[in-house]
file run13.csv (CSV, C-alpha atoms and all ligand atoms)
chain,number,residue,atom,x,y,z
A,80,MET,CA,0.0,0.0,0.0
A,81,PHE,CA,1.1,3.5,-0.7
A,82,ASN,CA,1.3,6.1,2.0
A,83,ILE,CA,2.5,9.7,2.4
A,84,ASP,CA,5.7,9.0,4.3
A,85,HIS,CA,6.6,12.6,4.9
A,86,LEU,CA,6.6,16.2,3.5
A,87,GLY,CA,10.1,17.7,3.1
A,88,ILE,CA,10.4,21.4,4.0
A,89,ALA,CA,13.5,23.4,3.1
A,90,VAL,CA,14.5,25.8,5.9
A,91,LYS,CA,17.5,28.1,6.5
A,92,SER,CA,17.6,27.1,10.2
A,93,ILE,CA,16.0,24.1,11.8
A,94,ALA,CA,16.5,25.8,15.2
A,95,ALA,CA,14.2,28.6,14.1
A,96,ALA,CA,11.8,26.6,11.9
A,97,LYS,CA,11.0,24.0,14.5
A,98,GLY,CA,9.6,26.6,16.9
A,99,ILE,CA,6.0,26.5,15.5
A,100,TYR,CA,5.9,22.7,15.9
A,101,GLU,CA,7.1,22.8,19.4
A,102,LYS,CA,4.5,25.4,20.2
A,103,LEU,CA,1.9,23.0,18.7
A,104,GLY,CA,3.2,20.4,21.1
A,105,LEU,CA,4.6,18.0,18.5
A,106,LYS,CA,7.7,15.9,19.2
A,107,ILE,CA,10.8,16.6,17.2
A,108,SER,CA,13.4,13.9,16.5
A,109,PRO,CA,17.1,14.5,17.2
A,110,GLU,CA,19.1,16.0,14.3
A,111,GLU,CA,20.6,13.7,11.7
A,112,ILE,CA,23.1,14.5,9.0
A,113,VAL,CA,22.8,13.1,5.5
A,114,GLU,CA,26.3,13.5,4.0
A,115,GLY,CA,25.2,12.5,0.6
A,116,GLU,CA,22.7,15.4,0.3
A,117,GLN,CA,24.8,17.8,2.5
A,118,VAL,CA,21.8,18.4,4.8
A,119,LYS,CA,20.9,18.0,8.4
A,120,LEU,CA,17.3,17.1,9.2
A,121,VAL,CA,14.7,16.5,11.9
A,122,MET,CA,11.6,14.5,11.6
A,123,ILE,CA,8.3,15.5,13.2
A,124,PRO,CA,5.7,12.8,13.4
A,125,VAL,CA,2.2,14.0,12.6
A,126,GLY,CA,-0.4,11.1,12.8
A,127,GLU,CA,0.7,8.4,10.4
A,128,SER,CA,3.0,10.8,8.4
A,129,ARG,CA,5.8,13.1,9.2
A,130,LEU,CA,7.2,16.5,8.4
A,131,GLU,CA,10.9,16.7,7.5
A,132,LEU,CA,12.8,19.9,8.1
A,133,LEU,CA,15.9,20.1,5.9
A,134,GLU,CA,18.7,22.6,6.5
A,135,PRO,CA,21.8,22.7,4.2
A,136,ILE,CA,25.2,22.1,5.8
A,137,SER,CA,27.1,23.4,2.7
A,138,GLU,CA,26.6,25.5,-0.4
A,139,SER,CA,26.8,22.3,-2.5
A,140,SER,CA,23.6,20.9,-1.0
A,141,PRO,CA,20.6,20.7,-3.3
A,142,ILE,CA,18.7,22.3,-0.4
A,143,ALA,CA,21.1,25.3,-0.5
A,144,ARG,CA,20.4,25.7,-4.2
A,145,PHE,CA,16.7,25.4,-3.6
A,146,LEU,CA,16.8,28.1,-0.9
A,147,ALA,CA,18.8,30.5,-3.1
A,148,LYS,CA,16.3,30.0,-5.9
A,149,ARG,CA,12.9,29.7,-4.3
A,150,GLY,CA,13.4,30.6,-0.6
A,151,GLU,CA,12.1,28.5,2.3
A,152,GLY,CA,9.1,26.3,1.7
A,153,LEU,CA,7.8,22.9,0.7
A,154,HIS,CA,10.6,21.0,-1.1
A,155,HIS,CA,9.2,17.6,-1.8
A,156,ILE,CA,6.5,15.0,-1.1
A,157,SER,CA,7.5,11.6,-0.1
A,158,LEU,CA,5.5,8.5,-0.9
A,159,ARG,CA,6.2,5.2,0.8
A,160,VAL,CA,6.0,2.3,-1.7
A,161,PRO,CA,5.9,-1.4,-1.1
A,162,ASP,CA,8.6,-2.4,-3.6
A,163,LEU,CA,10.8,0.5,-4.7
A,164,ALA,CA,12.9,-1.5,-7.2
A,165,ALA,CA,9.7,-2.6,-9.0
A,166,VAL,CA,8.2,0.9,-9.0
A,167,VAL,CA,11.5,2.5,-10.3
A,168,LYS,CA,11.7,-0.2,-13.1
A,169,LYS,CA,8.2,0.5,-14.2
A,170,LEU,CA,8.6,4.3,-14.2
A,171,LYS,CA,11.8,4.0,-16.2
A,172,SER,CA,10.2,1.8,-18.8
A,173,GLU,CA,7.4,4.4,-19.1
A,174,GLY,CA,9.9,7.2,-19.7
A,175,VAL,CA,9.3,9.0,-16.4
A,176,ARG,CA,12.2,11.4,-15.7
A,177,LEU,CA,14.0,10.5,-12.5
A,178,VAL,CA,16.5,12.7,-10.6
A,179,SER,CA,19.2,10.0,-10.3
A,180,ASN,CA,19.8,6.7,-12.2
A,181,GLU,CA,20.2,4.5,-9.1
A,182,ILE,CA,18.2,4.0,-5.9
A,183,LYS,CA,20.0,5.8,-3.1
A,184,VAL,CA,20.3,5.0,0.6
A,185,GLY,CA,19.4,7.8,3.1
A,186,ALA,CA,18.9,8.6,6.8
A,187,GLY,CA,18.2,5.5,8.8
A,188,GLY,CA,19.1,3.2,5.9
A,189,HIS,CA,15.9,3.8,3.9
A,190,ARG,CA,16.1,3.4,0.1
A,191,TYR,CA,14.8,6.3,-2.0
A,192,MET,CA,14.5,7.8,-5.4
A,193,PHE,CA,13.4,11.2,-6.6
A,194,VAL,CA,11.0,11.7,-9.6
A,195,HIS,CA,11.8,15.0,-11.4
A,196,PRO,CA,9.2,17.7,-11.0
A,197,SER,CA,8.9,17.8,-14.8
A,198,SER,CA,7.3,14.4,-14.7
A,199,ALA,CA,5.2,15.0,-11.6
A,200,GLY,CA,3.2,18.2,-12.1
A,201,GLY,CA,5.9,20.5,-10.8
A,202,VAL,CA,6.3,18.6,-7.5
A,203,LEU,CA,9.6,16.9,-6.5
A,204,LEU,CA,8.4,13.4,-5.6
A,205,GLU,CA,10.4,11.2,-3.4
A,206,LEU,CA,9.7,7.5,-3.4
A,207,VAL,CA,10.9,5.6,-0.3
A,208,GLU,CA,10.9,2.0,0.8
A,209,SER,CA,11.2,1.6,4.5
A,210,ARG,CA,13.7,-0.9,5.7
A,211,ASP,CA,11.2,-2.7,8.0
A,212,GLN,CA,8.8,-3.6,5.3
B,301,ZN,ZN,12.4,13.4,2.2

call {"tool": "encode", "arguments": {"input": "run13.csv", "output": "structure tokens"}}
result
Amino acid sequence: MFNIDHLGIAVKSIAAAKGIYEKLGLKISPEEIVEGEQVKLVMIPVGESRLELLEPISESSPIARFLAKRGEGLHHISLRVPDLAAVVKKLKSEGVRLVSNEIKVGAGGHRYMFVHPSSAGGVLLELVESRDQ
């Protein structure tokens, strides 16, 4: 079954951006660093889904480029899929534009792939497969 795993939000400062969620009484995960994307992030569980706050740790981060171009805001929507390899194979065979060629491994060991906004109605779409599935 597909679910919305999380919504990714690009921020200049996690310390500043997480304030609203603390005021709402939500729990915020400890910060994690994802070297491959040059970001640090926190996760905020909301019901069965989560919000992901992403802050760049260097200018080479895709999040730094996003902030420079568009400012803070919604960066991507992440769908959890049951079999990522099968989904990616199907999308490739149907000519969908993906951001990378290979499935990547991210925070917490989850496997993920991004679909380019040009193939997803202007939205950057992350597909994730959780490890414990
Ligand atoms: Zn994400």

call {"tool": "residues_near_ligand", "arguments": {"input": "run13.csv", "ligand": "ligand ZN 301 (chain B)", "cutoff": "8 Å", "atoms": "only C-alpha atoms and all ligand atoms", "output": "ChimeraX atom specification"}}
result
/A:85-87,131,155-157,205

call {"tool": "residues_around", "arguments": {"input": "run13.csv", "residues": "Ser198 in chain A", "least_positions_apart": "6", "cutoff": "9 Å", "atoms": "all atoms listed in the file", "output": "NGL selection string"}}
result
:A and (175-177)

call {"tool": "atom_distance", "arguments": {"input": "run13.csv", "atom1": "CA of Gly187 in chain A", "atom2": "CA of Ala147 in chain A"}}
result
27.7 Å

call {"tool": "atom_distance", "arguments": {"input": "run13.csv", "atom1": "CA of Arg190 in chain A", "atom2": "CA of Gly126 in chain A"}}
result
22.2 Å

call {"tool": "residues_around", "arguments": {"input": "run13.csv", "residues": "Val166 in chain A", "least_positions_apart": "4", "cutoff": "12 Å", "atoms": "all atoms listed in the file", "output": "CSV table (one decimal) with C-alpha atoms, in the frame of the given file"}}
result
chain,number,residue,atom,x,y,z
A,81,PHE,CA,1.1,3.5,-0.7
A,158,LEU,CA,5.5,8.5,-0.9
A,159,ARG,CA,6.2,5.2,0.8
A,160,VAL,CA,6.0,2.3,-1.7
A,161,PRO,CA,5.9,-1.4,-1.1
A,162,ASP,CA,8.6,-2.4,-3.6
A,170,LEU,CA,8.6,4.3,-14.2
A,171,LYS,CA,11.8,4.0,-16.2
A,172,SER,CA,10.2,1.8,-18.8
A,173,GLU,CA,7.4,4.4,-19.1
A,175,VAL,CA,9.3,9.0,-16.4
A,177,LEU,CA,14.0,10.5,-12.5
A,182,ILE,CA,18.2,4.0,-5.9
A,191,TYR,CA,14.8,6.3,-2.0
A,192,MET,CA,14.5,7.8,-5.4
A,193,PHE,CA,13.4,11.2,-6.6
A,194,VAL,CA,11.0,11.7,-9.6
A,205,GLU,CA,10.4,11.2,-3.4
A,206,LEU,CA,9.7,7.5,-3.4
A,207,VAL,CA,10.9,5.6,-0.3
A,208,GLU,CA,10.9,2.0,0.8

call {"tool": "residues_around", "arguments": {"input": "run13.csv", "residues": "range 92-101 of chain A", "least_positions_apart": "5", "cutoff": "9 Å", "atoms": "only C-alpha atoms", "output": "ChimeraX atom specification"}}
result
/A:106-107,119-121,123,132-135

call {"tool": "atom_distance", "arguments": {"input": "run13.csv", "atom1": "CA of Asn180 in chain A", "atom2": "CA of Arg149 in chain A"}}
result
25.3 Å

call {"tool": "closest_residue", "arguments": {"input": "run13.csv", "among": "A:Ala164, A:His195, A:Ile142, A:Gly200", "to": "Ser179 in chain A", "atoms": "all atoms listed in the file"}}
result
A:His195

call {"tool": "residues_around", "arguments": {"input": "run13.csv", "residues": "Glu151 in chain A", "least_positions_apart": "4", "cutoff": "6 Å", "atoms": "only C-alpha atoms", "output": "list in words"}}
result
Ala89, Val90 and Leu146 of chain A

call {"tool": "decode", "arguments": {"input": "run13.csv", "residues": "range 90-103 of chain A", "atoms": "all heavy atoms", "output": "mmCIF file, in the first residue's frame"}}
result
data_model
loop_
_atom_site.group_PDB
_atom_site.id
_atom_site.type_symbol
_atom_site.label_atom_id
_atom_site.label_comp_id
_atom_site.auth_asym_id
_atom_site.auth_seq_id
_atom_site.Cartn_x
_atom_site.Cartn_y
_atom_site.Cartn_z
ATOM 1 N N VAL A 90 14.468 24.658 4.944
ATOM 2 C CA VAL A 90 14.547 25.802 5.867
ATOM 3 C C VAL A 90 15.993 26.297 5.958
ATOM 4 O O VAL A 90 16.944 25.546 5.739
ATOM 5 C CB VAL A 90 14.029 25.440 7.290
ATOM 6 C CG1 VAL A 90 12.581 24.957 7.227
ATOM 7 C CG2 VAL A 90 14.900 24.390 7.966
ATOM 8 N N LYS A 91 16.136 27.577 6.313
ATOM 9 C CA LYS A 91 17.477 28.130 6.514
ATOM 10 C C LYS A 91 18.030 27.658 7.844
ATOM 11 O O LYS A 91 19.237 27.472 7.997
ATOM 12 C CB LYS A 91 17.422 29.654 6.500
ATOM 13 C CG LYS A 91 17.100 30.235 5.135
ATOM 14 C CD LYS A 91 17.012 31.761 5.231
ATOM 15 C CE LYS A 91 16.394 32.337 3.967
ATOM 16 N NZ LYS A 91 15.769 33.641 4.205
ATOM 17 N N SER A 92 17.141 27.498 8.830
ATOM 18 C CA SER A 92 17.577 27.135 10.176
ATOM 19 C C SER A 92 16.538 26.234 10.834
ATOM 20 O O SER A 92 15.391 26.643 11.042
ATOM 21 C CB SER A 92 17.747 28.420 11.018
ATOM 22 O OG SER A 92 17.689 28.110 12.400
ATOM 23 N N ILE A 93 16.949 24.997 11.116
ATOM 24 C CA ILE A 93 16.048 24.076 11.814
ATOM 25 C C ILE A 93 15.697 24.650 13.179
ATOM 26 O O ILE A 93 14.540 24.607 13.610
ATOM 27 C CB ILE A 93 16.703 22.682 11.955
ATOM 28 C CG1 ILE A 93 16.685 21.959 10.599
ATOM 29 C CG2 ILE A 93 15.980 21.837 13.016
ATOM 30 C CD1 ILE A 93 17.428 20.639 10.578
ATOM 31 N N ALA A 94 16.695 25.231 13.854
ATOM 32 C CA ALA A 94 16.471 25.772 15.202
ATOM 33 C C ALA A 94 15.332 26.789 15.196
ATOM 34 O O ALA A 94 14.492 26.806 16.096
ATOM 35 C CB ALA A 94 17.762 26.399 15.727
ATOM 36 N N ALA A 95 15.295 27.629 14.152
ATOM 37 C CA ALA A 95 14.241 28.632 14.070
ATOM 38 C C ALA A 95 12.930 28.022 13.587
ATOM 39 O O ALA A 95 11.861 28.323 14.113
ATOM 40 C CB ALA A 95 14.677 29.757 13.117
ATOM 41 N N ALA A 96 13.003 27.144 12.591
ATOM 42 C CA ALA A 96 11.785 26.640 11.943
ATOM 43 C C ALA A 96 11.002 25.676 12.820
ATOM 44 O O ALA A 96 9.790 25.542 12.675
ATOM 45 C CB ALA A 96 12.147 25.967 10.615
ATOM 46 N N LYS A 97 11.701 24.986 13.733
ATOM 47 C CA LYS A 97 10.986 23.972 14.510
ATOM 48 C C LYS A 97 10.117 24.586 15.609
ATOM 49 O O LYS A 97 9.259 23.894 16.175
ATOM 50 C CB LYS A 97 11.959 22.950 15.113
ATOM 51 C CG LYS A 97 12.832 23.485 16.233
ATOM 52 C CD LYS A 97 13.792 22.402 16.713
ATOM 53 C CE LYS A 97 14.655 22.930 17.845
ATOM 54 N NZ LYS A 97 15.653 21.942 18.291
ATOM 55 N N GLY A 98 10.295 25.905 15.859
ATOM 56 C CA GLY A 98 9.566 26.565 16.938
ATOM 57 C C GLY A 98 8.060 26.400 16.854
ATOM 58 O O GLY A 98 7.398 26.098 17.852
ATOM 59 N N ILE A 99 7.504 26.570 15.674
ATOM 60 C CA ILE A 99 6.046 26.480 15.521
ATOM 61 C C ILE A 99 5.542 25.087 15.903
ATOM 62 O O ILE A 99 4.484 24.948 16.528
ATOM 63 C CB ILE A 99 5.613 26.863 14.078
ATOM 64 C CG1 ILE A 99 4.096 26.725 13.888
ATOM 65 C CG2 ILE A 99 6.312 26.041 13.019
ATOM 66 C CD1 ILE A 99 3.263 27.675 14.716
ATOM 67 N N TYR A 100 6.323 24.066 15.566
ATOM 68 C CA TYR A 100 5.882 22.696 15.853
ATOM 69 C C TYR A 100 6.001 22.387 17.344
ATOM 70 O O TYR A 100 5.181 21.659 17.897
ATOM 71 C CB TYR A 100 6.663 21.701 14.988
ATOM 72 C CG TYR A 100 6.500 22.031 13.528
ATOM 73 C CD1 TYR A 100 7.529 22.624 12.795
ATOM 74 C CD2 TYR A 100 5.271 21.837 12.894
ATOM 75 C CE1 TYR A 100 7.344 22.980 11.460
ATOM 76 C CE2 TYR A 100 5.080 22.201 11.566
ATOM 77 C CZ TYR A 100 6.123 22.769 10.858
ATOM 78 O OH TYR A 100 5.933 23.133 9.553
ATOM 79 N N GLU A 101 7.017 22.973 17.979
ATOM 80 C CA GLU A 101 7.136 22.837 19.438
ATOM 81 C C GLU A 101 5.956 23.512 20.123
ATOM 82 O O GLU A 101 5.375 22.969 21.064
ATOM 83 C CB GLU A 101 8.463 23.435 19.922
ATOM 84 C CG GLU A 101 9.654 22.562 19.568
ATOM 85 C CD GLU A 101 10.992 23.236 19.836
ATOM 86 O OE1 GLU A 101 11.057 24.486 19.880
ATOM 87 O OE2 GLU A 101 11.991 22.502 19.971
ATOM 88 N N LYS A 102 5.598 24.684 19.621
ATOM 89 C CA LYS A 102 4.452 25.400 20.201
ATOM 90 C C LYS A 102 3.166 24.601 20.040
ATOM 91 O O LYS A 102 2.267 24.663 20.873
ATOM 92 C CB LYS A 102 4.294 26.782 19.561
ATOM 93 C CG LYS A 102 5.376 27.768 19.943
ATOM 94 C CD LYS A 102 5.079 29.151 19.361
ATOM 95 C CE LYS A 102 6.196 30.143 19.673
ATOM 96 N NZ LYS A 102 7.336 30.012 18.726
ATOM 97 N N LEU A 103 3.068 23.846 18.938
ATOM 98 C CA LEU A 103 1.890 23.006 18.707
ATOM 99 C C LEU A 103 1.916 21.743 19.570
ATOM 100 O O LEU A 103 0.956 20.983 19.587
ATOM 101 C CB LEU A 103 1.812 22.615 17.224
ATOM 102 C CG LEU A 103 1.409 23.754 16.274
ATOM 103 C CD1 LEU A 103 1.668 23.358 14.825
ATOM 104 C CD2 LEU A 103 -0.052 24.133 16.458
#
